[in-house]
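Asks: Next up is a structure, given as structure tokens.
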Amino acid sequence: MQIHKIYPRGFGANTYVLTNDKKTAVVIDPSGSHVESKLISLGLKAEYVLLTHCHFDHVLGVAGLQQSGARVLCLDKEKPLIGTSADLFESFGAPRKTYQVDEILKDGQELNLCSIKFKVMHTPGHTIGSACYFVENDGGRYVFTGDTLFENSIGRTDFPTGDIGQIRESLKKLLTFGDMPVFPGHGEDTSIESERKYNSFLQDL
């Protein structure tokens with residue numbers, strides 16, 4: 001399996017493109033139209049889009065990929081926020097791009113997308129329906145944390161449906177899964193063990 005990280009342009013989120021066959025791909029949090037250009041350069045077709053949450057900076061590229069045939073998936077508790085003020089488009093003056101959710105996901109659900117195995121974990125706190133996605137492939141284990149966990153930091157809890165108590169409980173759950181690479185929604189990659197040791201927000205969990 002290959003993981004391609006696409007850094008944001010301007011104020012945006014990291015996007016991750018996962019492929020097993022070098023033809024089809026799962027895209028996590030497409031943050032803009034530049035993701036489509038990157039897919040073309042890689043020779044990949046997006047079959048699925050996984051959303052960690054619906055904030056505007058994580059979804060600006062969703063509509064374009066959906067129009068090209070990708071199916072959009074998000075957690076059941078996040079779907080009601082899409083298209084409301086809770087997605088922060090208006091708050092940050094971002095141009096709204098409309099998309100539909102094709103399939104809602106449940107906490108603990110296991111997926112096989114483009115021959116890649118995912119497990120869905122509900123991690124509320126940044127938003128009520130935030131999700132992390134665990135991947136096990138070719139003996140490797142990885143987690144895509146959206147805005148729940150960053151290198152030496154955690155997601156904000158002052159946006160609509162955010163909750164500091166919930167994100168602390170979500171972080172506790174993440175720490176129980178053992179060490180693995182962490183691919184966050186913003187910033188650089190890290191690992192569960194590194195954050196356990198050096199992230200001040202995790203020291204008293």
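FYI, nothing fancy with the structure tokens labels: chains A, B, ... in order, residues from 1 per chain, ligands from 1 as they appear.
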What lies within 10 Å of Gln100 (chain A) using only C-alpha atoms, ignoring chain neighbours under 5 positions off, as an mmCIF file with N, CA and C atoms, in the first residue's frame?
Replies:
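Okay, this is what ended up in out-v9.cif:
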```cif
data_model
loop_
_atom_site.group_PDB
_atom_site.id
_atom_site.type_symbol
_atom_site.label_atom_id
_atom_site.label_comp_id
_atom_site.auth_asym_id
_atom_site.auth_seq_id
_atom_site.Cartn_x
_atom_site.Cartn_y
_atom_site.Cartn_z
ATOM 1 N N VAL A 62 -14.213 17.827 -1.955
ATOM 2 C CA VAL A 62 -15.118 16.677 -1.992
ATOM 3 C C VAL A 62 -16.030 16.722 -3.215
ATOM 4 N N ALA A 63 -16.630 17.876 -3.495
ATOM 5 C CA ALA A 63 -17.618 17.972 -4.579
ATOM 6 C C ALA A 63 -17.022 17.554 -5.917
ATOM 7 N N GLN A 66 -16.576 13.802 -6.017
ATOM 8 C CA GLN A 66 -17.876 13.130 -6.124
ATOM 9 C C GLN A 66 -18.420 13.222 -7.545
ATOM 10 N N ARG A 71 -17.433 7.878 -4.075
ATOM 11 C CA ARG A 71 -18.461 7.790 -3.053
ATOM 12 C C ARG A 71 -17.942 8.422 -1.766
ATOM 13 N N VAL A 72 -18.808 9.203 -1.111
ATOM 14 C CA VAL A 72 -18.413 9.967 0.070
ATOM 15 C C VAL A 72 -18.973 9.301 1.324
ATOM 16 N N LEU A 73 -18.103 9.052 2.301
ATOM 17 C CA LEU A 73 -18.477 8.371 3.533
ATOM 18 C C LEU A 73 -18.080 9.217 4.738
ATOM 19 N N LYS A 79 -22.879 13.604 9.860
ATOM 20 C CA LYS A 79 -23.678 13.959 8.684
ATOM 21 C C LYS A 79 -24.642 15.114 8.937
ATOM 22 N N ILE A 82 -23.316 18.703 8.163
ATOM 23 C CA ILE A 82 -22.943 19.100 6.804
ATOM 24 C C ILE A 82 -23.997 20.052 6.229
ATOM 25 N N GLY A 83 -23.529 21.170 5.684
ATOM 26 C CA GLY A 83 -24.442 22.144 5.119
ATOM 27 C C GLY A 83 -25.036 23.102 6.127
#
```
Asks: Hey, what's within 9 Å of Gly187 (chain A) if we count only C-alpha atoms and toss same-chain stuff fewer than 4 positions away? As a list of chain:residue names, please?
Replies: A:Tyr7, A:Ala13, A:Asn14, A:Phe150, A:Glu151, A:Phe183
Asks: A:Gly12, A:Gly108, A:Gly178, A:Gly93: which is nearest Ser194 (chain A), counting only C-alpha atoms?
Replies: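 Checking each of A:Gly12, A:Gly108, A:Gly178, A:Gly93 against Ser194 (chain A), counting only C-alpha atoms, the winner is A:Gly178.
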Asks: Could you give me, as an MDAnalysis selection string, each residue of region 52-204 of chain A that DSSP assigns to strand (DSSP E) when run on this structure's backbone?
Replies: chainID A and resid 71:75 103:105 110:113 116:122 131:137 140:146 149:150 153:154 181:184 190:191
Asks: Export N, CA and C atoms of the chosen residues as a short mmCIF file (atom, residue, chain, number, x, y, z; two decimals), in the first residue's frame?
Replies:
```
data_model
loop_
_atom_site.label_atom_id
_atom_site.label_comp_id
_atom_site.auth_asym_id
_atom_site.auth_seq_id
_atom_site.Cartn_x
_atom_site.Cartn_y
_atom_site.Cartn_z
N ARG A 71 -17.43 7.88 -4.07
CA ARG A 71 -18.46 7.79 -3.05
C ARG A 71 -17.94 8.42 -1.77
N VAL A 72 -18.81 9.20 -1.11
CA VAL A 72 -18.41 9.97 0.07
C VAL A 72 -18.97 9.30 1.32
N LEU A 73 -18.10 9.05 2.30
CA LEU A 73 -18.48 8.37 3.53
C LEU A 73 -18.08 9.22 4.74
N CYS A 74 -18.96 9.26 5.75
CA CYS A 74 -18.61 9.92 7.00
C CYS A 74 -19.40 9.27 8.14
N LEU A 75 -19.02 9.60 9.36
CA LEU A 75 -19.67 9.02 10.52
C LEU A 75 -21.12 9.52 10.63
N GLU A 103 -22.76 7.28 2.08
CA GLU A 103 -22.86 6.19 3.05
C GLU A 103 -22.44 6.69 4.41
N ILE A 104 -23.25 6.41 5.44
CA ILE A 104 -22.88 6.78 6.80
C ILE A 104 -22.23 5.60 7.50
N LEU A 105 -21.29 5.93 8.39
CA LEU A 105 -20.49 4.92 9.06
C LEU A 105 -20.80 4.90 10.54
N GLU A 110 -15.96 -1.95 10.21
CA GLU A 110 -14.80 -2.33 9.41
C GLU A 110 -15.15 -2.22 7.93
N LEU A 111 -14.21 -1.68 7.17
CA LEU A 111 -14.42 -1.44 5.75
C LEU A 111 -13.30 -2.08 4.95
N ASN A 112 -13.64 -2.48 3.74
CA ASN A 112 -12.63 -2.91 2.77
C ASN A 112 -12.84 -2.07 1.52
N LEU A 113 -12.02 -1.06 1.35
CA LEU A 113 -12.17 -0.11 0.25
C LEU A 113 -10.92 -0.16 -0.62
N ILE A 116 -8.15 -2.16 0.75
CA ILE A 116 -7.49 -1.65 1.95
C ILE A 116 -8.47 -1.78 3.11
N LYS A 117 -7.99 -2.32 4.23
CA LYS A 117 -8.85 -2.54 5.39
C LYS A 117 -8.80 -1.34 6.33
N PHE A 118 -9.99 -0.81 6.64
CA PHE A 118 -10.13 0.31 7.54
C PHE A 118 -11.00 -0.10 8.73
N LYS A 119 -10.75 0.53 9.87
CA LYS A 119 -11.66 0.44 11.01
C LYS A 119 -12.01 1.85 11.45
N VAL A 120 -13.30 2.10 11.66
CA VAL A 120 -13.80 3.42 12.01
C VAL A 120 -13.86 3.56 13.52
N MET A 121 -13.34 4.69 14.03
CA MET A 121 -13.43 4.95 15.46
C MET A 121 -14.02 6.33 15.68
N HIS A 122 -15.13 6.38 16.40
CA HIS A 122 -15.77 7.65 16.74
C HIS A 122 -14.93 8.36 17.80
N ALA A 131 -14.16 11.41 13.39
CA ALA A 131 -13.75 10.01 13.29
C ALA A 131 -12.25 9.92 13.04
N CYS A 132 -11.66 8.86 13.55
CA CYS A 132 -10.31 8.46 13.18
C CYS A 132 -10.42 7.15 12.40
N TYR A 133 -9.49 6.95 11.48
CA TYR A 133 -9.52 5.75 10.65
C TYR A 133 -8.22 4.97 10.85
N PHE A 134 -8.39 3.73 11.32
CA PHE A 134 -7.25 2.83 11.46
C PHE A 134 -7.12 2.00 10.19
N VAL A 135 -5.89 1.80 9.77
CA VAL A 135 -5.61 1.00 8.57
C VAL A 135 -4.63 -0.10 8.95
N GLU A 136 -4.94 -1.32 8.52
CA GLU A 136 -4.00 -2.44 8.64
C GLU A 136 -3.79 -3.01 7.26
N ASN A 137 -2.54 -2.98 6.79
CA ASN A 137 -2.27 -3.46 5.45
C ASN A 137 -0.81 -3.86 5.33
N GLY A 140 1.43 -3.52 8.27
CA GLY A 140 1.56 -2.20 8.88
C GLY A 140 0.27 -1.74 9.52
N ARG A 141 0.39 -0.90 10.54
CA ARG A 141 -0.76 -0.31 11.22
C ARG A 141 -0.59 1.20 11.24
N TYR A 142 -1.65 1.92 10.89
CA TYR A 142 -1.60 3.38 10.79
C TYR A 142 -2.92 3.95 11.29
N VAL A 143 -2.88 5.22 11.71
CA VAL A 143 -4.12 5.88 12.09
C VAL A 143 -4.14 7.30 11.52
N PHE A 144 -5.29 7.67 10.95
CA PHE A 144 -5.52 8.98 10.39
C PHE A 144 -6.46 9.70 11.36
N THR A 145 -5.95 10.76 12.00
CA THR A 145 -6.63 11.31 13.17
C THR A 145 -7.40 12.60 12.91
N GLY A 146 -7.41 13.11 11.67
CA GLY A 146 -8.13 14.35 11.43
C GLY A 146 -7.67 15.44 12.38
N LEU A 149 -6.01 14.60 16.96
CA LEU A 149 -4.64 14.57 17.50
C LEU A 149 -3.66 15.07 16.46
N PHE A 150 -2.80 16.01 16.88
CA PHE A 150 -1.72 16.53 16.04
C PHE A 150 -0.38 16.24 16.71
N SER A 153 0.05 18.52 19.86
CA SER A 153 -1.15 19.32 20.10
C SER A 153 -2.40 18.47 19.87
N ILE A 154 -3.57 19.08 20.08
CA ILE A 154 -4.84 18.42 19.83
C ILE A 154 -5.77 19.41 19.13
N PRO A 181 2.19 4.79 13.41
CA PRO A 181 2.28 6.11 12.80
C PRO A 181 0.94 6.84 12.85
N VAL A 182 1.01 8.14 13.06
CA VAL A 182 -0.16 9.00 13.10
C VAL A 182 -0.08 10.00 11.95
N PHE A 183 -1.14 10.04 11.15
CA PHE A 183 -1.24 10.99 10.05
C PHE A 183 -2.35 11.99 10.40
N PRO A 184 -1.99 13.18 10.85
CA PRO A 184 -2.99 14.14 11.35
C PRO A 184 -3.55 15.06 10.26
N THR A 190 3.41 11.96 12.99
CA THR A 190 3.99 11.65 14.29
C THR A 190 3.69 10.18 14.60
N SER A 191 3.66 9.82 15.86
CA SER A 191 3.32 8.46 16.26
C SER A 191 2.61 8.50 17.60
#
```
Asks: I need the residue nearest Ile3 (chain A) from this list: A:Lys106, A:Asp189, A:His58, A:Ser200. Use only C-alpha atoms for the distance.
Replies: A:Asp189
Asks: Out of region 4-174 of chain A, which residues get alpha helix (DSSP H) from DSSP, as an MDAnalysis selection string?
Replies: chainID A and resid 34:42 56:59 62:67 164:174
Asks: For Leu50 (chain A), which of A:Asp87, A:Asp21, A:Glu36, A:Asp102 is the closest residue, counting only C-alpha atoms?
Replies: A:Asp102
Asks: Out of A:His55, A:Asp204, A:Asp76, A:Val49, which residue has the shortest atom-to-atom distance to Gln109 (chain A) when counting only C-alpha atoms?
Replies: A:Asp76
Asks: One decimal, Å: what's the distance from CA of Ala46 (chain A) over to CA of Ala25 (chain A), could you say?
Replies: 4.7 Å
Asks: Can you tell me, as a list in words, what residues are no more than 9 Å from Val17 (chain A) when counting only C-alpha atoms, ignoring any on the same chain fewer than 5 positions away?
Replies: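 Once the adjacent positions are removed, what remains is Gln2, Ile3, His4, Lys5, Ile6, Ala25, Val26, Val27, Ile28, Pro30, Val35, Leu39 and Ala46 of chain A.
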Asks: Tell me, as a list in words, which residues lie within 9 Å of Leu175 (chain A), counting only C-alpha atoms; anything in the same chain fewer than 3 positions away does not count.
Replies: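 My list of contacting residues is Ser170, Leu171, Lys172, Gly178, Asp179, Ile192, Glu193 and Arg196 of chain A.
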Asks: Take the selection from the previous step and output its residues with C-alpha atoms, as a JSON list (two decimals), in the first residue's frame.
Replies:
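What follows is the written file again-v9.json:
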```
[["chain", "number", "residue", "atom", "x", "y", "z"],
["A", 170, "SER", "CA", -11.23, 10.19, 22.60],
["A", 171, "LEU", "CA", -7.50, 10.68, 23.16],
["A", 172, "LYS", "CA", -7.56, 8.11, 25.94],
["A", 178, "GLY", "CA", -0.42, 0.85, 20.98],
["A", 179, "ASP", "CA", 2.25, 2.56, 18.95],
["A", 192, "ILE", "CA", 1.19, 7.38, 19.19],
["A", 193, "GLU", "CA", 4.27, 6.70, 21.31],
["A", 196, "ARG", "CA", 2.31, 9.79, 24.66]]
```
Asks: CA of Gly69 (chain A) and CA of Leu81 (chain A) are how many Å apart?
Replies: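 Those two atoms sit 23.0 Å apart.
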Asks: Tell me, as a PDB file with N, CA and C atoms, in the first residue's frame, which residues lie within 8 Å of Thr157 (chain A), counting only C-alpha atoms; anything in the same chain fewer than 4 positions away does not count.
Replies:
```pdb
ATOM      1  N   GLY A 125     -15.231  15.442  20.077  1.00  0.00           N
ATOM      2  CA  GLY A 125     -14.487  16.436  20.845  1.00  0.00           C
ATOM      3  C   GLY A 125     -14.170  17.654  20.007  1.00  0.00           C
ATOM      4  N   HIS A 126     -13.570  17.439  18.841  1.00  0.00           N
ATOM      5  CA  HIS A 126     -13.378  18.546  17.905  1.00  0.00           C
ATOM      6  C   HIS A 126     -14.721  18.878  17.259  1.00  0.00           C
ATOM      7  N   THR A 127     -15.430  17.850  16.822  1.00  0.00           N
ATOM      8  CA  THR A 127     -16.849  17.938  16.468  1.00  0.00           C
ATOM      9  C   THR A 127     -17.531  16.710  17.062  1.00  0.00           C
ATOM     10  N   THR A 161     -20.295  22.168  18.500  1.00  0.00           N
ATOM     11  CA  THR A 161     -20.334  20.752  18.936  1.00  0.00           C
ATOM     12  C   THR A 161     -19.007  20.272  19.506  1.00  0.00           C
ATOM     13  N   GLY A 162     -18.002  21.146  19.641  1.00  0.00           N
ATOM     14  CA  GLY A 162     -16.746  20.756  20.281  1.00  0.00           C
ATOM     15  C   GLY A 162     -16.930  20.598  21.782  1.00  0.00           C
ATOM     16  N   ASP A 163     -16.081  19.775  22.384  1.00  0.00           N
ATOM     17  CA  ASP A 163     -16.214  19.514  23.818  1.00  0.00           C
ATOM     18  C   ASP A 163     -14.885  18.991  24.358  1.00  0.00           C
ATOM     19  N   ILE A 164     -14.289  19.703  25.304  1.00  0.00           N
ATOM     20  CA  ILE A 164     -12.981  19.313  25.827  1.00  0.00           C
ATOM     21  C   ILE A 164     -13.032  17.975  26.564  1.00  0.00           C
ATOM     22  N   ILE A 167     -13.086  15.204  23.890  1.00  0.00           N
ATOM     23  CA  ILE A 167     -11.837  14.964  23.169  1.00  0.00           C
ATOM     24  C   ILE A 167     -10.825  14.281  24.077  1.00  0.00           C
TER      25      ILE A 167
END
```
Asks: Do you have the CA of Ser130 (chain A)-CA of Cys54 (chain A) distance handy?
Replies: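 Calculated distance between CA of Ser130 (chain A) and CA of Cys54 (chain A) is 8.3 Å.
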Asks: Between A:Ser91, A:Ile128, A:His34, A:Thr148, which has the minimum distance to Glu78 (chain A) (counting only C-alpha atoms)?
Replies: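 Ranking A:Ser91, A:Ile128, A:His34, A:Thr148 by distance to Glu78 (chain A), first place goes to A:Ile128.
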